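Trainee: Before anything else, here's the structure in question.
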Amino acid sequence: MALGAGIRDDFPLLSHTVGGKPLVYLDSAATSQKPRQVLEALSEHYRCCNANVHRGIYWLAEEATARYEEARANLASFFGAARSEEIVFTRGTTEALNLVAATWGRAHLGPGDEILLTEMEHHSNIVPWQMLAAERGAILKYVPVTGEGRLDLDAFDRLLAGRTKLVGLVHQSNVLGTINPVREIADRAHEAGALVVVDAAQSAPHQSVDVAALGADFLAFSGHKMLGPMGIGGLWARYALLDAMPPYHGGGEMITSVGLDRSTYKDPPHKFEAGTPNVADAIALGVAVDYMRQVGLEAISEHVHDLTAYALLRLKEVPGLVIYGPQTATDRGGAVSFTLDCVHPHDIAQVLDGEGIAVRAGHHCAEPLHRRFGIPASARASFHLYNTRAEVDALVEGLLKVRRLFARSSSAAKEDAHGAG
């Protein structure tokens with residue numbers, strides 16, 4: 001039995017129907033569905049150990065604190081961190097990247113310093129650096145993307161100059177599915193004296209992501225793409241970097257002492273977690289990580305790779321369909337973006353929704369990348385451990401229906417125009 005077919009019973013939402021048709025959920029790159037174990041962990045926390053953490057000296061608070069910190073340690077192990085204090089809980093990848101820009105960036109970047117990003121970045125790894133560059137007088141540069149959807153590494157070498165202080169890149173593109181050679185890029189960046197920040201929002205849900213093996217200095221991730229709840233994620237960073245960085249937010253919990261004119265702060269990670277944290281969702285994310293490990297990261301990776309290869313093969317049967325990114329599944333993850341003749345991606349998504357099929361349509365928070373390929377938007381199907389080949393077949397049949405429907409509409413419009421003439 002394929003992984004997706006054998007595991008679907010753990011995901012209650014997948015049993016839903018849309019307009020009387022079985023739900024085919026192909027938008028896991030936007031957010032993953034949650035197994036019942038994660039849903040039960042959320043409910044169990046509020047029923048059994050809801051209390052504020054790190055503050056109370058009564059049993060309930062101590063139990064909540066223990067579970068919260070256990071989740072942190074779990075994530076540290078999941079990412080191969082040297083110590084649990086290297087994990088800072090945030091709302092997700094976006095906040096984690098903003099944290100790096102606002103703290104390390106403000107402390108280390110000045111006029112003329114260069115930030116080297118790539119054309120395939122999600123907006124969350126572009127906009128914070130634009131804001132910082134405008135504030136500090138730094139210069140943004142971008143590694144171009146080839147027609148095959150890969151980074152131009154020769155251009156990267158040319159752009160990596162003496163004033164490059166930071167290299168930011170996505171591990172796996174949410175549009176092209178491209179898995180970038182992070183270690184190779186990190187080694188070159190470090191030789192040039194630059195630090196490396198990695199957006200792992202798309203890679204962490206589907207494969208082993210070891211921060212030491214990648215050679216990263218900072219790495220951001222989102223729990224809701226990893227079978228966990230929305231509103232929780234985190235930043236991993238080398239402890240020495242976190243220790244030297246100023247706080248991101250000010251308030252309770254992150255201090256050791258507060259006076260009327262100055263305050264002193266706790267050690268990492270707590271100096272970055274002001275106020276009451278998202279305790280229940282952090283605990284549930286720890287359960288999601290346990291679930292992924294129980295299934296097996298290698299098994300998940302192989303399953304998503306198989307689905308992607310199958311989708312790339314079957315989608316080529318749809319006339320007029322263009323796939324963006326690498327044309328084989330060898331070095332790409334489970335996100336496949338495409339356009340279809342002159343049908344707008346929003347129309348594609350709407351017709352597919354009528355068939356019970358959920359795909360993404362738009363620029364996927366990657367406008368510069370879409371402009372690079374000369375398109376305003378694309379449709380995207382993305383896979384996770386619970387998807388099946390039968391759902392890929394349903395997608396192909398749905399796209400053939402889209403093509404027939406719009407071909408008839410175009411033909412009728414031409415006939416009306418001819419008659420009017």
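Letters A, B, ... mark the chains of the structure tokens in the order given; residue numbers begin at 1 per chain; ligand numbers begin at 1, in order shown.
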Skip His190 (chain A) itself and residues of its chain fewer than 5 positions away, then list as a list in words all residues within 12 Å of it, counting only C-alpha atoms.

Mentor: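 Counting only the stated atoms, we get Leu160, Ala161, Gly162, Thr164, Lys165, Leu166, Val167, Val182, Arg183, Glu184, Ile185, Leu195, Val196, Val197, Gly215, Ala216 and Asp217 of chain A.
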
Trainee: Run DSSP on the backbone of this structure and report the residues of region 114-327 of chain A it assigns to alpha helix (DSSP H), as a PyMOL selection string.

Mentor: chain A and resi 127-136+153-159+182-191+211-214+239-244+279-295+297-315

Trainee: For region 236-253 of chain A, work out the shell of residues within 9 Å, counting only C-alpha atoms and skipping chain neighbours fewer than 5 positions away, then give it as a ChimeraX atom specification.

Mentor: /A:54-55,76,79,81-83,85-89,96,99-100,102-104,107,197,211,216-221,265-276

Trainee: Need to verify the contact set: Gln327 (chain A), 10 Å, only C-alpha atoms, exclusion of same-chain residues closer than 5 positions in sequence. Can you return it as a list of chain:residue names?

Mentor: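 After dropping sequence-adjacent residues, the list is A:Glu148, A:Gly149, A:Leu176, A:Ala309, A:Leu312, A:Leu313, A:Arg332, A:Val336.
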
Trainee: Where does region 149-268 of chain A meet region 378-394 of chain A within 9 Å, residue by residue, with the nearest atom pair and distance in Å to one decimal for each, counting only C-alpha atoms, listed by chain and rising number, as JSON lines?

Mentor:
{"residue": "A:Asn174", "atom": "CA", "partner": "A:Ser382", "partner_atom": "CA", "distance": 8.9}
{"residue": "A:Val175", "atom": "CA", "partner": "A:Arg380", "partner_atom": "CA", "distance": 7.3}
{"residue": "A:Pro205", "atom": "CA", "partner": "A:His384", "partner_atom": "CA", "distance": 8.0}
{"residue": "A:His206", "atom": "CA", "partner": "A:His384", "partner_atom": "CA", "distance": 7.3}

Trainee: Please produce a file of the residues just selected, as a CSV table (one decimal), in the first residue's frame, where the atoms kept are C-alpha atoms.

Mentor:
chain,number,residue,atom,x,y,z
A,174,ASN,CA,7.5,27.1,-3.4
A,175,VAL,CA,6.8,27.7,-7.1
A,205,PRO,CA,7.9,19.1,5.8
A,206,HIS,CA,9.2,16.6,3.3

Trainee: Given the choices A:Gln294, A:His122, A:Val24, A:Arg360, which gets closest to Ile7 (chain A) if the distance is worked out from only C-alpha atoms?

Mentor: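 When distances to Ile7 (chain A) are compared using only C-alpha atoms, the smallest one comes from A:Gln294.
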
Trainee: Which of these residues is nearest to Pro319 (chain A), using only C-alpha atoms: A:Arg293, A:Leu399, A:Gly374, A:Asp347?

Mentor: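 Ranking A:Arg293, A:Leu399, A:Gly374, A:Asp347 by distance to Pro319 (chain A), first place goes to A:Leu399.
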
Trainee: If you measure from CA of His346 (chain A) to CA of Gln202 (chain A), what distance in Å do you get, rounded to one decimal?

Mentor: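 That distance, rounded to one decimal, is 22.7 Å.
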
Trainee: By how many Å are CA of His364 (chain A) and CA of Glu114 (chain A) apart?

Mentor: 26.4 Å

Trainee: How many Å lie between CA of Arg403 (chain A) and CA of Pro345 (chain A), rounded to one decimal?

Mentor: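 Distance between the two atoms: 12.0 Å.
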
Trainee: What are the closest atom pairs, with distances in Å to one decimal, for all residues of region 199-270 of chain A lying within 10 Å of region 296-308 of chain A? Consider only C-alpha atoms, order rows by chain and residue number, and present the result as a tab-separated table.

Mentor:
residue	atom	partner	partner_atom	distance
A:Ser203	CA	A:Ser301	CA	9.7
A:Ala204	CA	A:Leu297	CA	9.6
A:Pro205	CA	A:Ile300	CA	8.7
A:His206	CA	A:Ser301	CA	5.2
A:Gln207	CA	A:Ser301	CA	5.2
A:Ser208	CA	A:Leu297	CA	6.2
A:Val209	CA	A:Leu297	CA	9.7

Trainee: Residues of the last selection are to be written out with N, CA and C atoms, as a CSV table (one decimal), in the first residue's frame.

Mentor:
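See again.csv below for the written result:
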chain,number,residue,atom,x,y,z
A,203,SER,N,11.0,22.8,2.5
A,203,SER,CA,11.8,21.6,2.6
A,203,SER,C,11.6,20.8,3.9
A,204,ALA,N,11.4,21.5,5.0
A,204,ALA,CA,11.3,20.8,6.3
A,204,ALA,C,10.1,19.8,6.4
A,205,PRO,N,9.0,20.1,5.7
A,205,PRO,CA,7.9,19.1,5.8
A,205,PRO,C,8.1,17.8,5.1
A,206,HIS,N,9.2,17.7,4.2
A,206,HIS,CA,9.2,16.6,3.3
A,206,HIS,C,10.6,15.8,3.3
A,207,GLN,N,11.6,16.4,4.0
A,207,GLN,CA,12.9,15.7,3.9
A,207,GLN,C,13.7,16.1,5.2
A,208,SER,N,14.7,15.4,5.4
A,208,SER,CA,15.6,15.6,6.5
A,208,SER,C,16.3,17.0,6.3
A,209,VAL,N,16.2,17.9,7.2
A,209,VAL,CA,16.9,19.2,7.2
A,209,VAL,C,17.8,19.3,8.4

Trainee: Between A:His171, A:Arg136, A:Lys401, A:Arg371, which residue has the minimum interatomic distance to Leu151 (chain A), considering only C-alpha atoms?

Mentor: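 Smallest distance to Leu151 (chain A) is found for A:His171.
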
Trainee: Give the answer as one residue: which of A:Ala186, A:Met120, A:Ala358, A:Val396 has the shortest atom-to-atom distance to Leu321 (chain A), using only C-alpha atoms?

Mentor: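 Of A:Ala186, A:Met120, A:Ala358, A:Val396, the one nearest Leu321 (chain A) is A:Val396, counting only C-alpha atoms.
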
Trainee: Would you return as a ChimeraX atom specification the members of region 101-341 of chain A that DSSP assigns to strand (DSSP E) on this structure's backbone?

Mentor: /A:114-118,139-143,164-170,195-199,218-222,233-237,255-258,263-265,321-324,335-340

Trainee: May I have the selected residues written with N, CA and C atoms, as a compact mmCIF listing (two decimals), in the first residue's frame?

Mentor:
# COMPACT_ATOMS: atom_id res chain seq x y z
N GLU A 114 26.37 44.61 1.25
CA GLU A 114 25.52 43.93 0.28
C GLU A 114 24.82 42.71 0.87
N ILE A 115 23.54 42.59 0.48
CA ILE A 115 22.72 41.43 0.83
C ILE A 115 22.44 40.72 -0.49
N LEU A 116 22.82 39.46 -0.57
CA LEU A 116 22.66 38.69 -1.81
C LEU A 116 21.54 37.67 -1.64
N LEU A 117 20.45 37.88 -2.38
CA LEU A 117 19.29 36.99 -2.37
C LEU A 117 19.19 36.30 -3.72
N THR A 118 18.07 35.58 -3.96
CA THR A 118 17.86 34.94 -5.25
C THR A 118 16.52 35.37 -5.84
N ILE A 139 22.84 47.41 0.11
CA ILE A 139 22.56 47.17 -1.31
C ILE A 139 22.05 45.75 -1.48
N LEU A 140 20.93 45.60 -2.19
CA LEU A 140 20.37 44.28 -2.49
C LEU A 140 20.81 43.83 -3.87
N LYS A 141 21.24 42.58 -3.95
CA LYS A 141 21.55 41.96 -5.23
C LYS A 141 20.86 40.60 -5.30
N TYR A 142 20.63 40.11 -6.53
CA TYR A 142 19.86 38.89 -6.70
C TYR A 142 20.55 37.92 -7.65
N VAL A 143 20.64 36.67 -7.24
CA VAL A 143 21.16 35.61 -8.10
C VAL A 143 20.06 35.24 -9.10
N THR A 164 29.68 41.60 0.47
CA THR A 164 28.52 40.76 0.76
C THR A 164 28.59 40.31 2.21
N LYS A 165 27.61 40.70 3.00
CA LYS A 165 27.59 40.34 4.42
C LYS A 165 26.61 39.20 4.70
N LEU A 166 25.60 39.06 3.81
CA LEU A 166 24.58 38.04 4.06
C LEU A 166 24.12 37.46 2.73
N VAL A 167 23.96 36.13 2.70
CA VAL A 167 23.35 35.43 1.58
C VAL A 167 22.06 34.78 2.09
N GLY A 168 20.94 35.12 1.44
CA GLY A 168 19.65 34.55 1.83
C GLY A 168 19.07 33.73 0.68
N LEU A 169 18.67 32.51 0.97
CA LEU A 169 18.11 31.69 -0.10
C LEU A 169 17.11 30.69 0.43
N VAL A 170 16.21 30.29 -0.46
CA VAL A 170 15.20 29.29 -0.14
C VAL A 170 15.81 27.92 -0.39
N LEU A 195 27.43 35.51 6.07
CA LEU A 195 26.58 34.54 6.75
C LEU A 195 25.44 34.12 5.82
N VAL A 196 24.79 33.00 6.18
CA VAL A 196 23.78 32.40 5.31
C VAL A 196 22.49 32.17 6.09
N VAL A 197 21.39 32.72 5.55
CA VAL A 197 20.07 32.50 6.14
C VAL A 197 19.25 31.68 5.14
N VAL A 198 18.63 30.60 5.63
CA VAL A 198 17.92 29.65 4.78
C VAL A 198 16.44 29.63 5.12
N ASP A 199 15.61 29.74 4.09
CA ASP A 199 14.16 29.58 4.22
C ASP A 199 13.84 28.11 3.97
N PHE A 218 21.53 30.72 9.90
CA PHE A 218 20.15 30.92 10.34
C PHE A 218 19.26 30.03 9.46
N LEU A 219 18.19 29.51 10.05
CA LEU A 219 17.23 28.72 9.28
C LEU A 219 15.84 28.94 9.84
N ALA A 220 14.89 29.25 8.96
CA ALA A 220 13.52 29.56 9.36
C ALA A 220 12.58 28.47 8.89
N PHE A 221 11.52 28.20 9.68
CA PHE A 221 10.57 27.15 9.33
C PHE A 221 9.18 27.50 9.85
N SER A 222 8.17 26.87 9.24
CA SER A 222 6.76 27.10 9.60
C SER A 222 6.10 25.79 10.01
N GLY A 233 6.05 28.46 14.52
CA GLY A 233 7.19 28.07 13.70
C GLY A 233 8.42 28.48 14.45
N GLY A 234 9.50 28.72 13.74
CA GLY A 234 10.66 29.09 14.51
C GLY A 234 11.86 29.49 13.68
N LEU A 235 12.85 29.93 14.42
CA LEU A 235 14.15 30.27 13.89
C LEU A 235 15.19 29.41 14.58
N TRP A 236 16.02 28.74 13.79
CA TRP A 236 17.23 28.15 14.33
C TRP A 236 18.39 29.07 13.97
N ALA A 237 19.29 29.26 14.92
CA ALA A 237 20.52 30.00 14.64
C ALA A 237 21.61 29.48 15.55
N ILE A 255 13.15 39.27 30.19
CA ILE A 255 14.05 40.10 30.99
C ILE A 255 14.58 39.34 32.22
N THR A 256 15.73 39.80 32.69
CA THR A 256 16.19 39.37 34.01
C THR A 256 15.90 40.44 35.05
N SER A 257 15.94 41.73 34.59
CA SER A 257 15.67 42.83 35.51
C SER A 257 15.21 44.05 34.72
N VAL A 258 14.25 44.78 35.29
CA VAL A 258 13.74 45.99 34.64
C VAL A 258 13.84 47.15 35.62
N SER A 263 17.04 47.95 31.17
CA SER A 263 16.69 46.57 31.50
C SER A 263 17.80 45.64 31.07
N THR A 264 17.85 44.48 31.68
CA THR A 264 18.77 43.43 31.25
C THR A 264 17.94 42.23 30.81
N TYR A 265 18.54 41.42 29.93
CA TYR A 265 17.76 40.39 29.25
C TYR A 265 18.26 38.98 29.55
N LEU A 321 -0.25 22.62 -21.78
CA LEU A 321 0.16 22.85 -20.39
C LEU A 321 1.67 23.03 -20.32
N VAL A 322 2.12 24.07 -19.63
CA VAL A 322 3.55 24.36 -19.46
C VAL A 322 3.90 24.22 -17.99
N ILE A 323 4.88 23.40 -17.69
CA ILE A 323 5.36 23.20 -16.32
C ILE A 323 6.60 24.07 -16.11
N TYR A 324 6.67 24.73 -14.96
CA TYR A 324 7.81 25.62 -14.66
C TYR A 324 8.72 24.93 -13.65
N ALA A 335 6.13 20.45 -5.32
CA ALA A 335 5.32 21.57 -5.78
C ALA A 335 5.50 21.70 -7.28
N VAL A 336 4.39 21.65 -8.02
CA VAL A 336 4.44 21.71 -9.48
C VAL A 336 3.54 22.85 -9.95
N SER A 337 4.16 23.90 -10.49
CA SER A 337 3.41 25.05 -10.99
C SER A 337 3.32 24.99 -12.51
N PHE A 338 2.17 25.45 -13.04
CA PHE A 338 1.95 25.32 -14.47
C PHE A 338 0.97 26.37 -14.96
N THR A 339 0.97 26.58 -16.29
CA THR A 339 -0.05 27.38 -16.95
C THR A 339 -0.66 26.53 -18.05
N LEU A 340 -1.84 26.92 -18.50
CA LEU A 340 -2.56 26.15 -19.51
C LEU A 340 -3.08 27.10 -20.59
